[in-house]
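Engineer: What follows is input_16.tsv, TSV, C-alpha atoms.
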```tsv
chain	number	residue	atom	x	y	z
A	1	MET	CA	0.00	0.00	0.00
A	2	GLU	CA	1.41	3.40	-0.99
A	3	LEU	CA	1.94	5.63	2.04
A	4	LEU	CA	4.17	8.48	0.83
A	5	ASN	CA	3.92	10.18	-2.56
A	6	VAL	CA	6.40	12.96	-3.41
A	7	GLN	CA	5.55	14.76	-6.65
A	8	HIS	CA	7.90	17.11	-8.55
A	9	LEU	CA	9.32	18.66	-5.39
A	10	CYS	CA	11.52	21.73	-5.90
A	11	LYS	CA	13.17	24.11	-3.45
A	12	THR	CA	14.96	27.32	-4.46
A	13	TYR	CA	16.62	29.68	-2.03
A	14	GLY	CA	17.11	33.32	-3.00
A	15	SER	CA	16.26	34.87	-6.36
A	16	GLY	CA	17.88	36.01	-9.56
A	17	GLU	CA	21.57	35.32	-10.08
A	18	SER	CA	22.07	34.52	-6.39
A	19	SER	CA	19.38	31.81	-6.32
A	20	VAL	CA	20.32	28.26	-5.33
A	21	ASN	CA	18.34	25.23	-6.52
A	22	ALA	CA	18.61	23.01	-3.45
A	23	LEU	CA	16.16	20.44	-4.84
A	24	ARG	CA	15.07	19.91	-8.44
A	25	ASP	CA	11.92	18.03	-9.47
A	26	ALA	CA	12.17	15.16	-6.96
A	27	SER	CA	9.50	12.47	-7.29
A	28	PHE	CA	9.17	9.07	-5.61
A	29	THR	CA	6.77	6.94	-3.59
A	30	MET	CA	7.14	4.68	-0.55
A	31	ARG	CA	4.91	1.84	0.57
A	32	LYS	CA	3.79	1.09	4.12
A	33	GLY	CA	6.54	-0.73	6.06
A	34	GLU	CA	9.33	0.17	3.62
A	35	PHE	CA	12.77	1.22	4.90
A	36	ALA	CA	14.66	3.51	2.51
A	37	ALA	CA	17.94	5.43	2.75
A	38	ILE	CA	18.80	8.77	1.14
A	39	VAL	CA	22.52	9.12	0.42
A	40	GLY	CA	24.55	11.96	-1.01
A	41	GLU	CA	27.43	14.29	-0.27
A	42	SER	CA	27.10	17.25	2.10
A	43	GLY	CA	25.11	20.06	0.49
A	44	SER	CA	23.53	17.74	-2.07
A	45	GLY	CA	19.96	18.52	-0.99
A	46	LYS	CA	19.08	15.42	1.02
A	47	THR	CA	18.35	17.28	4.27
A	48	THR	CA	16.26	19.78	2.32
A	49	LEU	CA	14.27	16.86	0.92
A	50	LEU	CA	13.75	15.34	4.37
A	51	ASN	CA	12.62	18.67	5.83
A	52	LEU	CA	10.10	19.15	3.02
A	53	ILE	CA	8.70	15.64	3.41
A	54	GLY	CA	8.36	16.27	7.14
A	55	GLY	CA	6.55	19.55	6.58
A	56	LEU	CA	9.29	21.48	8.41
A	57	ASP	CA	9.85	23.65	5.33
A	58	GLU	CA	7.68	24.59	2.35
A	59	PRO	CA	8.62	23.74	-1.25
A	60	SER	CA	8.95	26.26	-4.05
A	61	SER	CA	6.76	23.87	-6.04
A	62	GLY	CA	5.54	20.29	-5.91
A	63	ARG	CA	3.39	18.25	-3.54
A	64	VAL	CA	3.85	15.79	-0.67
A	65	TYR	CA	1.06	13.32	0.10
A	66	LEU	CA	1.20	11.28	3.30
A	67	GLY	CA	-1.56	8.76	3.83
A	68	GLY	CA	-3.41	10.50	1.01
A	69	GLN	CA	-3.25	13.89	2.75
A	70	ASP	CA	-1.67	16.84	0.92
A	71	LEU	CA	0.71	18.42	3.46
A	72	PHE	CA	0.92	21.77	1.72
A	73	SER	CA	-2.78	22.27	1.14
A	74	MET	CA	-3.08	22.54	4.93
A	75	LYS	CA	-2.79	25.75	6.88
A	76	GLU	CA	0.31	25.98	9.07
A	77	LYS	CA	-1.46	25.11	12.34
A	78	GLU	CA	-3.28	22.19	10.75
A	79	ARG	CA	-0.01	20.91	9.25
A	80	THR	CA	1.74	21.21	12.64
A	81	ILE	CA	-0.92	19.04	14.29
A	82	PHE	CA	-0.88	16.54	11.40
A	83	ARG	CA	2.94	16.33	11.58
A	84	ARG	CA	2.92	15.80	15.34
A	85	ARG	CA	0.40	12.96	15.06
A	86	ASN	CA	1.69	11.22	11.94
A	87	ILE	CA	5.45	11.78	11.60
A	88	GLY	CA	8.19	10.70	14.00
A	89	PHE	CA	11.56	12.45	13.83
A	90	ILE	CA	14.93	11.03	14.86
A	91	PHE	CA	17.82	13.51	14.80
A	92	GLN	CA	21.58	13.03	14.96
A	93	SER	CA	21.72	15.34	17.98
A	94	PHE	CA	18.99	13.33	19.82
A	95	GLN	CA	17.12	16.54	20.87
A	96	LEU	CA	15.94	15.13	24.19
A	97	ILE	CA	14.59	17.47	26.88
A	98	PRO	CA	17.33	17.48	29.55
A	99	GLU	CA	14.96	18.04	32.50
A	100	LEU	CA	12.76	15.05	31.61
A	101	THR	CA	13.39	11.39	32.37
A	102	VAL	CA	13.69	8.66	29.76
A	103	GLU	CA	10.02	7.75	30.18
A	104	GLN	CA	8.87	11.38	30.07
A	105	ASN	CA	10.91	12.09	26.94
A	106	MET	CA	9.44	9.04	25.22
A	107	ILE	CA	5.80	9.93	25.95
A	108	PHE	CA	6.28	13.65	25.26
A	109	PRO	CA	4.54	13.56	21.82
A	110	LEU	CA	1.47	12.07	23.51
A	111	LEU	CA	1.49	14.74	26.21
A	112	LEU	CA	1.57	17.46	23.55
A	113	ASP	CA	-1.62	15.95	22.15
A	114	TYR	CA	-3.23	15.60	25.60
A	115	GLN	CA	-3.17	11.80	25.31
A	116	LYS	CA	-2.30	9.20	27.92
A	117	SER	CA	0.30	6.55	27.18
A	118	ASN	CA	-0.72	2.91	27.07
A	119	THR	CA	1.11	1.33	30.03
A	120	GLU	CA	1.51	-2.07	28.35
A	121	GLU	CA	2.81	-0.55	25.11
A	122	LEU	CA	5.23	1.70	26.99
A	123	GLU	CA	6.60	-1.24	29.01
A	124	ASN	CA	6.99	-3.28	25.83
A	125	LEU	CA	8.80	-0.46	24.03
A	126	LEU	CA	11.14	0.14	26.97
A	127	ALA	CA	11.98	-3.58	26.93
A	128	ILE	CA	12.62	-3.64	23.18
A	129	LEU	CA	14.89	-0.61	23.52
A	130	GLY	CA	16.71	-2.12	26.49
A	131	LEU	CA	15.79	0.86	28.68
A	132	GLU	CA	13.72	-0.77	31.44
A	133	GLY	CA	16.41	-0.01	34.02
A	134	ARG	CA	16.89	3.55	32.76
A	135	ARG	CA	13.30	4.81	32.68
A	136	SER	CA	13.87	7.31	35.54
A	137	HIS	CA	17.28	8.49	34.31
A	138	LEU	CA	17.87	11.93	32.81
A	139	PRO	CA	19.54	12.22	29.37
A	140	SER	CA	22.78	13.37	31.02
A	141	GLN	CA	22.95	10.03	32.81
A	142	LEU	CA	22.83	8.03	29.55
A	143	SER	CA	25.37	7.05	26.92
A	144	GLY	CA	24.99	8.35	23.36
A	145	GLY	CA	23.56	5.03	22.21
A	146	GLN	CA	21.02	5.02	25.03
A	147	GLN	CA	19.97	8.59	24.23
A	148	GLN	CA	19.41	7.64	20.61
A	149	ARG	CA	17.27	4.69	21.73
A	150	VAL	CA	15.14	7.13	23.73
A	151	ALA	CA	14.78	9.27	20.60
A	152	ILE	CA	13.67	6.20	18.65
A	153	GLY	CA	11.17	5.35	21.37
A	154	ARG	CA	9.82	8.90	21.23
A	155	ALA	CA	9.40	8.55	17.45
A	156	LEU	CA	7.58	5.21	17.78
A	157	ILE	CA	5.36	5.83	20.82
A	158	HIS	CA	2.45	7.41	18.93
A	159	HIS	CA	2.51	4.97	16.00
A	160	PRO	CA	3.30	7.55	13.28
A	161	MET	CA	2.73	6.74	9.63
A	162	LEU	CA	6.25	7.87	8.75
A	163	ILE	CA	9.57	7.99	10.61
A	164	LEU	CA	12.19	10.44	9.31
A	165	ALA	CA	15.73	9.80	10.59
A	166	ASP	CA	18.46	12.39	9.91
A	167	GLU	CA	21.89	10.74	10.38
A	168	PRO	CA	20.60	8.72	13.36
A	169	THR	CA	23.99	7.03	13.91
A	170	GLY	CA	26.18	10.06	13.21
A	171	ASN	CA	27.25	10.55	16.84
A	172	LEU	CA	27.48	6.88	17.80
A	173	ASP	CA	30.19	4.23	17.96
A	174	SER	CA	29.99	1.16	15.72
A	175	GLN	CA	28.23	-1.08	18.28
A	176	SER	CA	25.59	1.54	19.11
A	177	SER	CA	25.14	2.22	15.38
A	178	ARG	CA	24.37	-1.45	14.73
A	179	GLU	CA	21.88	-1.50	17.59
A	180	VAL	CA	20.11	1.62	16.29
A	181	MET	CA	19.91	0.22	12.76
A	182	GLU	CA	18.51	-3.06	14.06
A	183	LEU	CA	15.84	-1.12	15.96
A	184	LEU	CA	14.89	0.87	12.86
A	185	THR	CA	14.76	-2.33	10.82
A	186	GLN	CA	12.50	-3.89	13.45
A	187	ALA	CA	10.26	-0.81	13.41
A	188	SER	CA	9.91	-1.13	9.65
A	189	HIS	CA	9.55	-4.88	9.20
A	190	HIS	CA	7.84	-5.90	12.46
A	191	TYR	CA	5.68	-2.86	13.22
A	192	GLN	CA	5.16	-1.86	9.55
A	193	GLN	CA	6.42	1.69	10.14
A	194	THR	CA	7.65	3.44	7.00
A	195	VAL	CA	11.19	4.71	7.62
A	196	LEU	CA	13.15	7.21	5.52
A	197	MET	CA	16.74	7.78	6.67
A	198	ILE	CA	19.54	10.13	5.64
A	199	THR	CA	23.04	8.73	6.00
A	200	HIS	CA	26.61	9.41	4.89
A	201	ASN	CA	27.57	5.85	5.82
A	202	MET	CA	27.10	3.66	2.76
A	203	GLY	CA	27.51	0.55	4.90
A	204	LEU	CA	24.21	1.30	6.64
A	205	THR	CA	22.27	0.94	3.38
A	206	ALA	CA	22.64	-2.83	3.82
A	207	TYR	CA	19.87	-2.58	6.44
A	208	THR	CA	17.43	-0.88	4.08
A	209	ASP	CA	15.06	-2.09	1.37
A	210	ARG	CA	15.91	0.68	-1.05
A	211	VAL	CA	18.41	3.47	-1.72
A	212	LEU	CA	17.81	6.97	-3.09
A	213	ARG	CA	20.68	9.26	-4.03
A	214	VAL	CA	20.59	13.07	-4.12
A	215	SER	CA	23.32	14.87	-6.05
A	216	ASP	CA	23.22	18.60	-6.82
A	217	GLY	CA	19.55	18.63	-5.89
A	218	ILE	CA	18.64	15.82	-8.30
A	219	LEU	CA	17.07	12.65	-6.90
A	220	THR	CA	17.86	9.23	-8.38
A	221	ASP	CA	16.12	6.05	-7.23
A	222	LEU	CA	18.78	3.31	-7.10
A	223	GLY	CA	16.28	0.62	-6.14
A	224	GLY	CA	17.64	-2.21	-3.95
A	225	ASN	CA	20.64	-1.66	-1.70
A	226	CYS	CA	23.30	-3.21	-3.97
A	227	ASP	CA	26.76	-1.82	-3.22
A	228	GLU	CA	27.71	-1.58	-6.88
A	229	LYS	CA	24.92	0.95	-7.46
A	230	LEU	CA	26.61	3.28	-4.99
A	231	SER	CA	30.03	3.19	-6.62
```
Output the file's structure in the form of structure tokens.

Structural biologist:
Amino acid sequence: MELLNVQHLCKTYGSGESSVNALRDASFTMRKGEFAAIVGESGSGKTTLLNLIGGLDEPSSGRVYLGGQDLFSMKEKERTIFRRRNIGFIFQSFQLIPELTVEQNMIFPLLLDYQKSNTEELENLLAILGLEGRRSHLPSQLSGGQQQRVAIGRALIHHPMLILADEPTGNLDSQSSREVMELLTQASHHYQQTVLMITHNMGLTAYTDRVLRVSDGILTDLGGNCDEKLS
């Protein structure tokens, strides 16, 4: 089932001779439960693409449909609520709230929507993330890998249609990176979450179903994660 449909997405910064085409006519679709990676050099346009898909920025032209809903036909407040309820974000810098515990950080998206967490689901998620013994810890009391697991839990807790991960292993050691990728794979294949991830690490594409490359603002769908396609 198609979940994400990106149509002719363009983003231009500035005007006239000083204008920069950060993204040029990007189109692709993703199905429910698919795990895809976006690769490309720094400044290629991949973060711009992720921000547009997440409704964090507006395109110069083009459309983004998530679950059949047109993100950019919505007013800003409506889009903010839709994004909060349907998109989970995982950032390289974790972006946890330092004054909140592990459990409080994880359920924060629900609190913003005046919802109560399901105790059984929360316990199950803490167990999957290996955080049962850390639920009352503050972020400063956790390792980088543990903080990223909290961020993943926060992205999963409200069952979003789409998870957007921006360099989720960028600040982690190799062991923590493998653990994070295994969690994202589990989210995709076991829980049928659709996951779109930016990465500079070509080795991580082995975990994904599909690879997209952005170069000079142009998107190319490389299909399956074969290494030779990335050379």

Engineer: Between A:Gly67, A:Gly88, A:Pro139, A:Gly223, single out the one closest to A:Thr101, counting all atoms listed in the file.

Structural biologist: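 Looking only at the distances to A:Thr101, the closest residue turns out to be A:Pro139.
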
Engineer: With only C-alpha atoms as the atoms that count, which of A:Thr208, A:Ser15, A:Thr48, A:Gln146 lies nearest to A:Leu196?

Structural biologist: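 Among the listed residues, A:Thr208 lies closest to A:Leu196.
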
Engineer: I'd like to know which of A:Val39, A:Leu122, A:Leu111, A:Ile163 is closest to A:Asn201, using only C-alpha atoms.

Structural biologist: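 Of A:Val39, A:Leu122, A:Leu111, A:Ile163, the one nearest A:Asn201 is A:Val39, counting only C-alpha atoms.
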
Engineer: Listing only residues of stretch 179-210 of chain A within 12 Å of stretch 2-13 of chain A, what is the closest atom pair and its distance in Å (to one decimal) for each, using only C-alpha atoms, sorted by chain and residue number ascending, as JSON lines?

Structural biologist:
```
{"residue": "A:Gln192", "atom": "CA", "partner": "A:Leu3", "partner_atom": "CA", "distance": 11.1}
{"residue": "A:Gln193", "atom": "CA", "partner": "A:Leu3", "partner_atom": "CA", "distance": 10.1}
{"residue": "A:Thr194", "atom": "CA", "partner": "A:Leu3", "partner_atom": "CA", "distance": 7.9}
{"residue": "A:Val195", "atom": "CA", "partner": "A:Leu4", "partner_atom": "CA", "distance": 10.5}
{"residue": "A:Leu196", "atom": "CA", "partner": "A:Leu4", "partner_atom": "CA", "distance": 10.2}
```

Engineer: Can you work out the spacing between atom CA of A:Leu204 and atom CA of A:Val150 in Å, to one decimal?

Structural biologist: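 Going from atom CA of A:Leu204 over to atom CA of A:Val150, I get 20.2 Å.
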
Engineer: Would you mind reading off the distance between atom CA of A:Asp209 and atom CA of A:Glu34, one decimal, in Å?

Structural biologist: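 Calculated distance between atom CA of A:Asp209 and atom CA of A:Glu34 is 6.6 Å.
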
Engineer: Select, from A:Asp216, A:Gln186, A:Thr199, A:Met161, the residue with the minimum atom-to-atom distance to A:Arg84, counting only C-alpha atoms.

Structural biologist: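 Checking each of A:Asp216, A:Gln186, A:Thr199, A:Met161 against A:Arg84, counting only C-alpha atoms, the winner is A:Met161.
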
Engineer: State, in Å with one decimal place, the distance from atom CA of A:Thr47 to atom CA of A:Ile198.

Structural biologist: 7.4 Å

Engineer: Rank A:Gln147, A:Ser19, A:Ser42, A:Thr220 by their smallest atom-to-atom distance to A:Ile97, using all atoms listed in the file, and report the top residue only.

Structural biologist: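 Nearest to A:Ile97: A:Gln147.
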